Amino acid sequence: MKISQEMQSAINRQMNNEFYSAYLYLSMSARASEMNMNGFANWFEVQAKEEFYHGEGFMKYLIDRGGKVAATGIEAVEMNWTSIEEMYQASLEQEQVVTADIDAMVALAHAEKDFATVEFLNWYVREQVEEEASASEILEQIREGDSAPCVLFQIDKRLSKRKLEKPEIW
Ligand code: OFO
């Protein structure tokens, strides 16, 4: 079964959204580096690379289904965060938007009886649980420490150890 035009548009939109997430996290990595918070910068950089794989996953799936990839412009990032806390708040908000978008795609796939796409999207549904949980966990830790420098430095040290693991999406 060939993918529908509506699903093709939704996948292209979501591919763009994932690449925007990559751009967003890379921008946060730059800001964190400017603040000499190199552990946070590492975490955001790894996150940006993961997002690239998420976007690429949509692209490859669309090709496998005989669809046409549309690489439209990626939105500019408003880099006006003044603290690490604001960056994690913005991360959490972005992940909540992505979760809602993926959920809407799953609903569309069910309505179209496109079970291959349902199966494909299930990976992203599970991934979003993790994405929201990790952003909110770090945000809470920062808030519990009341953004005190010693707490921030401890978290920074821990996050410097995050390494990229290429996800097996499809
Ligand atoms: Fe791709 O999960 Fe974050 O945005």
# chains A, B, ... in the order shown; residues from 1 in each chain; ligands from 1
call {"tool": "residues_near_ligand", "arguments": {"ligand": "ligand 1", "cutoff": "10 Å", "atoms": "only C-alpha atoms and all ligand atoms", "output": "PyMOL selection string"}}
result
chain A and resi 14-15+17-22+24-25+47-55+57+91-99+102+124-125+127-132+135
call {"tool": "residues_around", "arguments": {"residues": "region 79-83 of chain A", "least_positions_apart": "6", "cutoff": "10 Å", "atoms": "only C-alpha atoms", "output": "NGL selection string"}}
result
:A and (24 or 27-28 or 30-32 or 35 or 89-90 or 147)
call {"tool": "residues_around", "arguments": {"residues": "Leu139 (chain A)", "least_positions_apart": "3", "cutoff": "10 Å", "atoms": "only C-alpha atoms", "output": "ChimeraX atom specification"}}
result
/A:84-89,91-92,133-136,142-145,147
call {"tool": "select_by_dssp", "arguments": {"residues": "chain A", "states": "helix (DSSP H, G or I)", "output": "NGL selection string"}}
result
:A and (5-34 or 38-64 or 84-111 or 115-144 or 149-159)
call {"tool": "closest_atom_pairs", "arguments": {"of": "region 27-140 of chain A", "to": "region 153-169 of chain A", "cutoff": "7 Å", "atoms": "only C-alpha atoms", "output": "JSON lines"}}
result
{"residue": "A:Met37", "atom": "CA", "partner": "A:Asp156", "partner_atom": "CA", "distance": 6.4}
{"residue": "A:Asn38", "atom": "CA", "partner": "A:Ser160", "partner_atom": "CA", "distance": 6.8}
{"residue": "A:Gly39", "atom": "CA", "partner": "A:Ser160", "partner_atom": "CA", "distance": 3.7}
{"residue": "A:Phe40", "atom": "CA", "partner": "A:Asp156", "partner_atom": "CA", "distance": 5.4}
{"residue": "A:Asn42", "atom": "CA", "partner": "A:Ser160", "partner_atom": "CA", "distance": 5.6}
{"residue": "A:Trp43", "atom": "CA", "partner": "A:Leu159", "partner_atom": "CA", "distance": 5.7}
{"residue": "A:Val46", "atom": "CA", "partner": "A:Leu164", "partner_atom": "CA", "distance": 5.5}
{"residue": "A:Gly57", "atom": "CA", "partner": "A:Ile169", "partner_atom": "CA", "distance": 6.3}
{"residue": "A:Trp123", "atom": "CA", "partner": "A:Ile169", "partner_atom": "CA", "distance": 6.5}
call {"tool": "write_last_selection", "arguments": {"atoms": "N, CA, C and O atoms", "output": "PDB file, in the first residue's frame"}}
result
ATOM      1  N   MET A  37      29.804  26.014  30.658  1.00  0.00           N
ATOM      2  CA  MET A  37      29.141  24.841  31.217  1.00  0.00           C
ATOM      3  C   MET A  37      29.320  23.709  30.209  1.00  0.00           C
ATOM      4  O   MET A  37      28.397  23.380  29.435  1.00  0.00           O
ATOM      5  N   ASN A  38      30.490  23.126  30.219  1.00  0.00           N
ATOM      6  CA  ASN A  38      30.830  22.200  29.137  1.00  0.00           C
ATOM      7  C   ASN A  38      30.126  20.845  29.224  1.00  0.00           C
ATOM      8  O   ASN A  38      29.951  20.177  28.207  1.00  0.00           O
ATOM      9  N   GLY A  39      29.720  20.444  30.434  1.00  0.00           N
ATOM     10  CA  GLY A  39      28.955  19.202  30.571  1.00  0.00           C
ATOM     11  C   GLY A  39      27.567  19.364  29.965  1.00  0.00           C
ATOM     12  O   GLY A  39      27.090  18.492  29.233  1.00  0.00           O
ATOM     13  N   PHE A  40      26.917  20.483  30.267  1.00  0.00           N
ATOM     14  CA  PHE A  40      25.602  20.750  29.669  1.00  0.00           C
ATOM     15  C   PHE A  40      25.762  20.868  28.154  1.00  0.00           C
ATOM     16  O   PHE A  40      24.923  20.370  27.393  1.00  0.00           O
ATOM     17  N   ASN A  42      27.875  19.408  26.298  1.00  0.00           N
ATOM     18  CA  ASN A  42      28.005  18.044  25.758  1.00  0.00           C
ATOM     19  C   ASN A  42      26.640  17.369  25.660  1.00  0.00           C
ATOM     20  O   ASN A  42      26.297  16.763  24.645  1.00  0.00           O
ATOM     21  N   TRP A  43      25.847  17.501  26.728  1.00  0.00           N
ATOM     22  CA  TRP A  43      24.513  16.860  26.736  1.00  0.00           C
ATOM     23  C   TRP A  43      23.670  17.375  25.563  1.00  0.00           C
ATOM     24  O   TRP A  43      23.048  16.598  24.839  1.00  0.00           O
ATOM     25  N   VAL A  46      25.015  16.025  22.173  1.00  0.00           N
ATOM     26  CA  VAL A  46      24.615  14.624  21.951  1.00  0.00           C
ATOM     27  C   VAL A  46      23.127  14.583  21.573  1.00  0.00           C
ATOM     28  O   VAL A  46      22.714  13.863  20.654  1.00  0.00           O
ATOM     29  N   GLY A  57      15.435   9.218  10.277  1.00  0.00           N
ATOM     30  CA  GLY A  57      14.547   8.054  10.342  1.00  0.00           C
ATOM     31  C   GLY A  57      13.269   8.301   9.546  1.00  0.00           C
ATOM     32  O   GLY A  57      12.821   7.440   8.781  1.00  0.00           O
ATOM     33  N   TRP A 123       8.019   3.395  17.658  1.00  0.00           N
ATOM     34  CA  TRP A 123       9.360   3.664  18.190  1.00  0.00           C
ATOM     35  C   TRP A 123       9.420   5.106  18.722  1.00  0.00           C
ATOM     36  O   TRP A 123       9.950   5.368  19.803  1.00  0.00           O
TER      37      TRP A 123
END
